[in-house]
>>> print(open('my_file_10.tsv').read())   # TSV, C-alpha atoms
chain	number	residue	atom	x	y	z
A	25	MET	CA	116.21	109.25	63.07
A	26	LYS	CA	114.06	106.82	61.08
A	27	VAL	CA	113.19	107.49	57.44
A	28	ILE	CA	110.98	105.56	55.02
A	29	TYR	CA	111.47	106.43	51.35
A	30	PHE	CA	108.90	105.59	48.65
A	31	TYR	CA	110.00	105.57	44.99
A	32	ILE	CA	108.50	104.69	41.60
A	33	TYR	CA	110.18	102.05	39.43
A	34	SER	CA	108.87	100.38	36.27
A	35	LYS	CA	109.18	100.41	32.50
A	36	LYS	CA	106.72	103.33	32.46
A	37	TYR	CA	108.59	105.37	35.10
A	38	GLY	CA	112.16	104.22	34.47
A	39	SER	CA	114.82	103.47	37.09
A	40	GLY	CA	116.10	106.95	38.05
A	41	HIS	CA	113.89	107.31	41.15
A	42	TYR	CA	115.04	103.93	42.44
A	43	LYS	CA	118.70	104.86	42.04
A	44	ARG	CA	118.04	108.11	43.91
A	45	ALA	CA	116.35	106.13	46.69
A	46	VAL	CA	119.42	103.89	47.03
A	47	ASN	CA	121.67	106.97	47.18
A	48	HIS	CA	119.57	108.43	49.99
A	49	LYS	CA	119.55	105.15	51.89
A	50	ASN	CA	123.35	104.95	51.73
A	51	PHE	CA	123.64	108.58	52.83
A	52	PHE	CA	121.30	108.22	55.83
A	53	GLN	CA	122.96	104.99	56.92
A	54	SER	CA	126.41	106.62	56.70
A	55	GLU	CA	125.07	109.23	59.16
A	56	SER	CA	123.88	106.44	61.52
A	57	HIS	CA	120.20	106.93	60.70
A	58	ILE	CA	117.73	104.21	59.77
A	59	CYS	CA	116.39	104.37	56.22
A	60	LYS	CA	114.01	101.91	54.59
A	61	ILE	CA	113.21	102.20	50.87
A	62	GLU	CA	110.04	100.79	49.33
A	63	LYS	CA	108.58	100.74	45.83
A	64	PHE	CA	105.51	102.97	45.76
A	65	LYS	CA	102.24	101.04	45.86
A	66	PHE	CA	99.51	103.17	47.35
A	67	ASN	CA	97.41	100.36	48.86
A	68	ASN	CA	100.44	98.89	50.61
A	69	MET	CA	101.51	102.31	51.83
A	70	ILE	CA	98.16	103.35	53.29
A	71	LYS	CA	97.73	100.00	55.08
A	72	ASN	CA	101.21	100.06	56.58
A	73	GLU	CA	100.54	100.64	60.29
A	74	LYS	CA	104.28	100.78	61.08
A	75	ILE	CA	104.61	103.93	58.96
A	76	ARG	CA	103.73	105.96	62.06
A	77	ASP	CA	106.98	104.81	63.66
A	78	PHE	CA	109.06	106.76	61.14
A	79	ASP	CA	110.16	110.34	61.74
A	80	TYR	CA	110.08	111.28	58.04
A	81	ILE	CA	108.26	109.90	55.00
A	82	PHE	CA	109.99	110.69	51.69
A	83	LEU	CA	107.89	110.66	48.51
A	84	ASP	CA	109.98	110.41	45.33
A	85	ILE	CA	107.06	109.67	43.00
A	86	THR	CA	106.59	112.76	40.80
A	87	ASN	CA	106.16	111.82	37.15
A	88	GLU	CA	104.12	113.04	34.18
A	89	LYS	CA	102.39	109.67	33.82
A	90	LEU	CA	101.43	109.51	37.48
A	91	PHE	CA	99.68	112.89	37.15
A	92	LYS	CA	97.39	111.49	34.48
A	93	ASN	CA	95.85	109.15	37.07
A	94	LYS	CA	93.53	111.66	38.80
A	95	THR	CA	92.07	109.07	41.18
A	96	LEU	CA	95.52	108.09	42.43
A	97	LEU	CA	96.51	111.75	42.82
A	98	LYS	CA	93.53	112.37	45.11
A	99	LYS	CA	94.59	109.40	47.23
A	100	ILE	CA	98.15	110.72	47.44
A	101	VAL	CA	96.89	114.14	48.58
A	102	TYR	CA	94.77	112.36	51.21
A	103	PHE	CA	97.85	110.47	52.44
A	104	ILE	CA	99.94	113.67	52.57
A	105	ASN	CA	97.29	115.41	54.67
A	106	ILE	CA	97.32	112.55	57.18
A	107	TYR	CA	101.10	112.62	57.67
A	108	LYS	CA	101.79	116.21	56.61
A	109	ASN	CA	104.26	117.00	59.41
A	110	LYS	CA	106.40	114.01	58.40
A	111	ILE	CA	106.18	114.30	54.60
A	112	VAL	CA	109.25	115.25	52.56
A	113	ILE	CA	108.65	115.47	48.81
A	114	ILE	CA	111.42	115.15	46.26
A	115	ASP	CA	109.62	116.94	43.48
A	116	GLY	CA	109.93	117.32	39.73
A	117	LEU	CA	109.93	120.46	37.61
A	118	GLY	CA	107.42	122.02	35.23
A	119	LYS	CA	103.68	121.57	35.60
A	120	TYR	CA	104.01	118.08	37.07
A	121	GLN	CA	104.80	118.99	40.67
A	122	LEU	CA	103.17	117.62	43.80
A	123	ASN	CA	103.97	121.02	45.31
A	124	ASN	CA	101.51	122.61	42.85
A	125	LEU	CA	98.51	120.62	44.03
A	126	SER	CA	95.81	122.24	46.12
A	127	TRP	CA	96.98	121.09	49.55
A	128	GLU	CA	98.81	123.64	51.64
A	129	MET	CA	100.96	121.80	54.12
A	130	CYS	CA	103.77	119.26	54.19
A	131	ASN	CA	107.07	119.33	56.04
A	132	SER	CA	109.54	119.96	53.21
A	133	VAL	CA	109.98	119.93	49.44
A	134	ILE	CA	113.34	119.24	47.78
A	135	TYR	CA	114.26	120.30	44.24
A	136	PRO	CA	117.84	118.98	43.82
A	137	TYR	CA	118.36	120.51	40.36
A	138	PHE	CA	119.33	123.69	38.59
A	139	CYS	CA	116.09	125.68	38.72
A	140	SER	CA	114.97	129.09	37.50
A	141	LYS	CA	113.48	131.52	40.05
A	142	ASN	CA	109.98	131.02	38.68
A	143	SER	CA	109.99	127.21	38.58
A	144	VAL	CA	108.82	126.73	42.20
A	145	LYS	CA	105.70	128.24	43.77
A	146	LYS	CA	106.51	128.45	47.46
A	147	LYS	CA	103.79	127.91	50.05
A	148	ARG	CA	103.68	129.16	53.60
A	149	LYS	CA	105.05	127.02	56.43
A	150	VAL	CA	106.74	124.63	53.99
A	151	LYS	CA	110.54	124.33	53.96
A	152	TYR	CA	112.12	124.40	50.50
A	153	PHE	CA	115.55	123.06	49.54
A	154	ILE	CA	116.37	124.12	46.01
A	155	GLY	CA	119.55	123.58	44.00
A	156	TYR	CA	122.13	121.06	42.88
A	157	LYS	CA	123.80	121.10	46.31
A	158	TYR	CA	120.87	119.03	47.60
A	159	MET	CA	121.51	116.23	45.10
A	160	ILE	CA	122.73	113.17	47.00
A	161	ASN	CA	124.81	110.57	45.22
A	162	ASN	CA	127.56	108.08	46.01
A	163	PHE	CA	130.05	109.25	43.41
A	164	ALA	CA	133.49	110.45	44.42
A	165	LYS	CA	134.95	113.02	42.04
A	166	ASP	CA	137.10	111.40	39.42
A	167	LYS	CA	140.52	113.02	39.45
A	168	ARG	CA	141.76	111.37	36.28
A	169	LYS	CA	143.23	113.55	33.58
A	170	ILE	CA	140.94	114.60	30.78
A	171	LYS	CA	142.27	112.92	27.65
A	172	LYS	CA	143.14	115.04	24.65
A	173	ASN	CA	141.75	112.42	22.29
A	174	ILE	CA	138.37	110.79	22.70
A	175	LYS	CA	138.45	107.07	21.98
A	176	ASN	CA	135.63	105.43	23.96
A	177	ILE	CA	132.11	106.90	24.11
A	178	LEU	CA	129.27	105.65	26.29
A	179	PHE	CA	125.60	106.26	25.41
A	180	THR	CA	122.82	105.77	27.94
A	181	SER	CA	119.07	106.29	27.65
A	182	GLY	CA	118.00	105.15	31.13
A	183	GLY	CA	116.17	102.01	32.14
A	184	SER	CA	113.32	102.06	29.60
A	185	ASP	CA	114.26	103.99	26.43
A	186	LEU	CA	110.59	104.65	25.67
A	187	ASN	CA	111.55	107.14	22.94
A	188	ASN	CA	113.89	104.76	21.04
A	189	SER	CA	116.77	107.13	21.77
A	190	SER	CA	119.47	104.46	21.45
A	191	PHE	CA	118.54	103.72	17.85
A	192	LYS	CA	118.12	107.42	17.04
A	193	PHE	CA	121.58	108.14	18.40
A	194	ILE	CA	123.41	105.39	16.55
A	195	ARG	CA	121.91	106.73	13.32
A	196	LEU	CA	123.18	110.20	14.26
A	197	PHE	CA	126.55	108.74	15.28
A	198	SER	CA	126.94	107.09	11.87
A	199	LYS	CA	126.92	110.55	10.27
A	200	LEU	CA	129.96	111.71	12.25
A	201	LYS	CA	132.26	109.63	10.04
A	202	LEU	CA	134.70	109.02	12.91
A	203	SER	CA	135.51	105.37	12.37
A	204	GLU	CA	138.32	105.23	14.95
A	205	LEU	CA	135.89	105.63	17.85
A	206	ASN	CA	134.46	102.87	20.04
A	207	LEU	CA	130.82	103.23	21.00
A	208	TYR	CA	129.34	101.57	24.09
A	209	MET	CA	125.62	101.46	24.87
A	210	ILE	CA	123.91	100.48	28.11
A	211	GLN	CA	120.94	98.16	27.63
A	212	GLY	CA	118.36	99.40	30.11
A	213	ILE	CA	116.74	96.96	32.51
A	214	PHE	CA	113.32	97.43	30.87
A	215	THR	CA	114.48	97.26	27.22
A	216	LYS	CA	114.13	94.15	25.07
A	217	LYS	CA	116.97	92.14	23.53
A	218	LYS	CA	115.24	92.31	20.12
A	219	TYR	CA	115.51	96.12	20.19
A	220	PHE	CA	119.26	96.00	20.75
A	221	ASP	CA	119.67	93.28	18.12
A	222	LYS	CA	118.30	95.84	15.66
A	223	ILE	CA	120.86	98.38	16.89
A	224	LYS	CA	123.72	95.88	16.59
A	225	LYS	CA	122.70	95.06	13.03
A	226	PHE	CA	122.70	98.74	12.10
A	227	ALA	CA	126.13	99.19	13.72
A	228	PHE	CA	127.53	96.23	11.75
A	229	LEU	CA	126.20	97.53	8.44
A	230	SER	CA	127.48	101.05	9.22
A	231	LYS	CA	130.90	99.76	10.32
A	232	ILE	CA	130.55	101.18	13.84
A	233	ASN	CA	132.59	99.61	16.63
A	234	LEU	CA	129.75	98.93	19.07
A	235	LYS	CA	129.59	97.02	22.34
A	236	ILE	CA	126.40	96.58	24.39
A	237	LEU	CA	126.83	96.77	28.16
A	238	SER	CA	124.46	95.29	30.72
A	239	PHE	CA	122.55	97.61	33.03
A	240	LYS	CA	124.25	98.32	36.37
A	241	LYS	CA	122.79	99.80	39.54
A	242	ASP	CA	125.11	102.81	39.19
A	243	ILE	CA	126.47	104.21	35.95
A	244	LYS	CA	129.92	104.51	37.51
A	245	HIS	CA	130.31	100.73	37.08
A	246	ASN	CA	130.12	101.23	33.30
A	247	LEU	CA	132.67	104.05	33.11
A	248	LYS	CA	135.96	102.18	33.08
A	249	ASN	CA	138.07	103.51	30.16
A	250	ILE	CA	135.18	105.76	29.01
A	251	ASP	CA	136.26	109.21	27.77
A	252	LEU	CA	132.86	110.79	27.06
A	253	VAL	CA	129.26	110.04	28.10
A	254	ILE	CA	126.16	110.94	26.10
A	255	SER	CA	123.13	110.81	28.37
A	256	SER	CA	119.45	111.72	28.49
A	257	SER	CA	118.51	114.89	30.35
A	258	GLY	CA	117.25	113.10	33.46
A	259	LEU	CA	118.99	112.48	36.78
A	260	THR	CA	122.10	110.79	35.36
A	261	LYS	CA	123.60	114.12	34.29
A	262	TYR	CA	124.01	115.11	37.95
A	263	ASP	CA	125.94	111.91	38.68
A	264	LEU	CA	128.16	112.65	35.69
A	265	MET	CA	128.81	116.16	37.00
A	266	SER	CA	130.05	114.80	40.33
A	267	ILE	CA	132.35	112.39	38.51
A	268	LYS	CA	133.51	115.33	36.38
A	269	ILE	CA	133.58	113.44	33.13
A	270	PRO	CA	132.98	115.03	29.68
A	271	MET	CA	129.33	114.66	28.71
A	272	ILE	CA	126.75	115.59	26.11
A	273	ILE	CA	123.13	115.80	27.26
A	274	TYR	CA	120.14	115.23	24.97
A	275	SER	CA	116.40	115.68	25.51
A	276	GLU	CA	114.08	112.87	24.46
A	277	ASN	CA	111.11	115.10	23.62
A	278	LYS	CA	109.85	118.69	23.86
A	279	LEU	CA	108.74	118.33	27.48
A	280	PHE	CA	112.17	117.12	28.64
A	281	ASP	CA	113.84	119.83	26.57
A	282	LYS	CA	111.78	122.45	28.40
A	283	LEU	CA	112.56	120.93	31.79
A	284	ASN	CA	116.26	120.89	30.89
A	285	ASN	CA	116.32	124.60	30.07
A	286	SER	CA	117.80	125.77	33.40
A	287	PHE	CA	120.60	123.20	33.06
A	288	LYS	CA	121.30	124.38	29.52
A	289	LEU	CA	121.80	127.96	30.72
A	290	ILE	CA	124.68	126.89	32.98
A	291	ASN	CA	126.53	125.81	29.81
A	292	LEU	CA	128.44	122.94	31.42
A	293	CYS	CA	128.30	120.82	28.28
A	294	PRO	CA	126.65	120.63	24.84
A	295	ASN	CA	122.88	120.07	25.01
A	296	LEU	CA	120.86	118.58	22.16
A	297	SER	CA	117.15	119.42	21.97
A	298	ASN	CA	116.57	116.09	20.21
A	299	LEU	CA	118.47	113.34	18.43
A	300	ASN	CA	117.43	114.27	14.92
A	301	ILE	CA	119.96	113.91	12.15
A	302	ASN	CA	120.66	117.53	11.28
A	303	LYS	CA	123.68	119.79	10.89
A	304	ILE	CA	123.29	121.39	14.34
A	305	ASN	CA	123.36	118.07	16.20
A	306	ILE	CA	126.12	116.58	14.05
A	307	ASP	CA	128.32	119.65	14.48
A	308	LYS	CA	127.74	119.87	18.25
A	309	VAL	CA	128.65	116.23	18.86
A	310	LYS	CA	131.57	116.14	16.46
A	311	ASN	CA	133.05	119.43	17.70
A	312	TYR	CA	132.92	118.35	21.34
A	313	ILE	CA	134.57	115.03	20.53
A	314	LEU	CA	137.39	116.66	18.58
A	315	ASN	CA	137.90	119.86	20.60
A	316	TYR	CA	139.94	119.16	23.73
A	317	ASN	CA	140.03	122.83	24.82
A	318	LEU	CA	136.25	123.05	24.65
A	319	ARG	CA	135.88	119.98	26.89
A	320	LEU	CA	138.40	121.43	29.32
A	321	ARG	CA	136.58	124.76	29.53
A	322	THR	CA	133.21	123.19	30.25
A	323	LEU	CA	134.57	120.79	32.87
A	324	ASN	CA	136.32	123.62	34.70
A	325	LYS	CA	132.89	125.20	35.33
A	326	ILE	CA	131.80	122.23	37.43
>>> encode(input="my_file_10.tsv", output="structure tokens")
Amino acid sequence: MKVIYFYIYSKKYGSGHYKRAVNHKNFFQSESHICKIEKFKFNNMIKNEKIRDFDYIFLDITNEKLFKNKTLLKKIVYFINIYKNKIVIIDGLGKYQLNNLSWEMCNSVIYPYFCSKNSVKKKRKVKYFIGYKYMINNFAKDKRKIKKNIKNILFTSGGSDLNNSSFKFIRLFSKLKLSELNLYMIQGIFTKKKYFDKIKKFAFLSKINLKILSFKKDIKHNLKNIDLVISSSGLTKYDLMSIKIPMIIYSENKLFDKLNNSFKLINLCPNLSNLNINKINIDKVKNYILNYNLRLRTLNKI
């Protein structure tokens, strides 16, 4: 079987789709299939005559910002109609779904997340694969013991940090008054050094033990000696679940908070609707850090 997989990847879109593309490539190759991954550029895609040689064409391009480009959307629909029997869409949730557009036919649509019953409008003759079990990653479950005392915390805001979440969190972290902790932050591939210089200065003035880590292809490369991960509500949380590491998930804005609602209901970890400095957020973070039994209970649900 031959698969070609198109993904979006930029400061505007972040790096999550690219990482998912790499995971799929590794999976298909482990099953002795051919898989080629390409960054989505419509003009290159439509002119690619060799695309007809592939058995399946994966589109991992759903994003709020892409939907605002109506001209590009029409072109994508045109492309899907040409290759509809080969098209497999890895779709998003909420109102920004390729599945919700006017066209009727494609081969399959995959929603590899926790979803509510009403989050997907199914269409005739389309195969749907819905649920966390369809999430593909390269993470073996971590069988290490869960530590009673949290010492090292990792914060990640993805490749772009368009909402300045790293700075918001370190301000929130300073209110915990837990000076014995070490805080690590991943500098996303699309974030500027000047931004993290500002964060390091705040950490120094607030007497926070902070270390900035360089961006890696997979978050697992940044997890050595880490006891707890605080991550945005995107795709990384599913990787963390498979590793079975204590985590706190935050939403960067109201849209992401809404999209994260089905995950919240599973109650696998604390979820923050934002990173505002308020009693609710401070208590949630501090309690999870200090309460070993609470961490154990949530991890046992995974």
>>> closest_residue(input="my_file_10.tsv", among="A:Ser54, A:Gly118, A:Leu234, A:Tyr31", to="A:Asp281", atoms="all atoms listed in the file")
A:Gly118
>>> residues_around(input="my_file_10.tsv", residues="A:Leu117", least_positions_apart="5", cutoff="12 Å", atoms="all atoms listed in the file", output="number ranges by chain")
A: 86-88, 122-124, 133-145, 154-155, 258, 279-287
>>> closest_residue(input="my_file_10.tsv", among="A:Ile269, A:Ile114, A:Leu200, A:Ile223", to="A:Met159", atoms="all atoms listed in the file")
A:Ile114
>>> atom_distance(input="my_file_10.tsv", atom1="atom CA of A:Tyr107", atom2="atom CA of A:Tyr37")
24.9 Å
>>> residues_around(input="my_file_10.tsv", residues="A:Lys217", least_positions_apart="5", cutoff="12 Å", atoms="all atoms listed in the file", output="PyMOL selection string")
chain A and resi 210-212+222-224+236-238
>>> closest_residue(input="my_file_10.tsv", among="A:Leu247, A:Met69, A:Ile81, A:Val309", to="A:Lys26", atoms="only C-alpha atoms")
A:Ile81
>>> closest_residue(input="my_file_10.tsv", among="A:Leu97, A:Pro270, A:Cys130, A:Phe228", to="A:Ile177", atoms="only C-alpha atoms")
A:Pro270
>>> residues_near_point(input="my_file_10.tsv", point="(109.2, 113.7, 54.4)", cutoff="9 Å", atoms="all atoms listed in the file", output="list in words")
Val27, Ile28, Tyr29, Asp79, Tyr80, Ile81, Phe82, Leu83, Tyr107, Lys108, Asn109, Lys110, Ile111, Val112, Ile113, Ile114, Cys130, Asn131, Ser132 and Val133 of chain A
>>> axis_aligned_box(input="my_file_10.tsv", around="stretch 61-72 of chain A", padding_each_side="3 Å", output="AutoDock Vina command-line options")
--center_x 105.3 --center_y 101.1 --center_z 51.2 --size_x 21.8 --size_y 10.5 --size_z 16.8
>>> decode(input="my_file_10.tsv", residues="stretch 65-107 of chain A", atoms="C-alpha atoms", output="PDB file, in the first residue's frame")
ATOM      1  CA  LYS A  65       1.034  23.612  -0.493  1.00  0.00           C
ATOM      2  CA  PHE A  66      -2.026  23.487  -2.700  1.00  0.00           C
ATOM      3  CA  ASN A  67      -0.346  24.458  -5.988  1.00  0.00           C
ATOM      4  CA  ASN A  68       2.325  21.793  -5.543  1.00  0.00           C
ATOM      5  CA  MET A  69      -0.282  19.220  -4.585  1.00  0.00           C
ATOM      6  CA  ILE A  70      -2.617  19.824  -7.528  1.00  0.00           C
ATOM      7  CA  LYS A  71       0.270  19.756 -10.034  1.00  0.00           C
ATOM      8  CA  ASN A  72       1.738  16.547  -8.650  1.00  0.00           C
ATOM      9  CA  GLU A  73       1.021  14.008 -11.405  1.00  0.00           C
ATOM     10  CA  LYS A  74       2.506  11.153  -9.353  1.00  0.00           C
ATOM     11  CA  ILE A  75      -0.249  11.573  -6.753  1.00  0.00           C
ATOM     12  CA  ARG A  76      -2.392   9.188  -8.803  1.00  0.00           C
ATOM     13  CA  ASP A  77       0.079   6.406  -8.010  1.00  0.00           C
ATOM     14  CA  PHE A  78      -0.856   6.451  -4.320  1.00  0.00           C
ATOM     15  CA  ASP A  79      -3.606   4.269  -2.889  1.00  0.00           C
ATOM     16  CA  TYR A  80      -4.577   6.785  -0.188  1.00  0.00           C
ATOM     17  CA  ILE A  81      -4.176  10.548   0.180  1.00  0.00           C
ATOM     18  CA  PHE A  82      -4.233  11.742   3.805  1.00  0.00           C
ATOM     19  CA  LEU A  83      -5.180  15.363   4.498  1.00  0.00           C
ATOM     20  CA  ASP A  84      -4.133  16.563   7.961  1.00  0.00           C
ATOM     21  CA  ILE A  85      -4.771  20.257   7.311  1.00  0.00           C
ATOM     22  CA  THR A  86      -7.817  21.248   9.398  1.00  0.00           C
ATOM     23  CA  ASN A  87      -7.241  24.500  11.263  1.00  0.00           C
ATOM     24  CA  GLU A  88      -9.287  27.555  12.230  1.00  0.00           C
ATOM     25  CA  LYS A  89      -6.989  29.882  10.269  1.00  0.00           C
ATOM     26  CA  LEU A  90      -7.171  27.773   7.120  1.00  0.00           C
ATOM     27  CA  PHE A  91     -10.976  28.042   7.183  1.00  0.00           C
ATOM     28  CA  LYS A  92     -10.754  31.820   6.981  1.00  0.00           C
ATOM     29  CA  ASN A  93      -9.237  31.515   3.499  1.00  0.00           C
ATOM     30  CA  LYS A  94     -12.452  30.854   1.525  1.00  0.00           C
ATOM     31  CA  THR A  95     -10.678  30.731  -1.845  1.00  0.00           C
ATOM     32  CA  LEU A  96      -8.291  28.045  -0.627  1.00  0.00           C
ATOM     33  CA  LEU A  97     -11.164  26.058   0.898  1.00  0.00           C
ATOM     34  CA  LYS A  98     -12.944  25.940  -2.467  1.00  0.00           C
ATOM     35  CA  LYS A  99      -9.756  24.634  -4.072  1.00  0.00           C
ATOM     36  CA  ILE A 100      -9.426  21.951  -1.388  1.00  0.00           C
ATOM     37  CA  VAL A 101     -13.025  20.826  -1.963  1.00  0.00           C
ATOM     38  CA  TYR A 102     -12.261  20.666  -5.706  1.00  0.00           C
ATOM     39  CA  PHE A 103      -9.210  18.488  -5.007  1.00  0.00           C
ATOM     40  CA  ILE A 104     -11.200  16.179  -2.705  1.00  0.00           C
ATOM     41  CA  ASN A 105     -13.855  15.674  -5.374  1.00  0.00           C
ATOM     42  CA  ILE A 106     -11.199  14.648  -7.902  1.00  0.00           C
ATOM     43  CA  TYR A 107      -9.631  12.007  -5.638  1.00  0.00           C
TER      44      TYR A 107
END
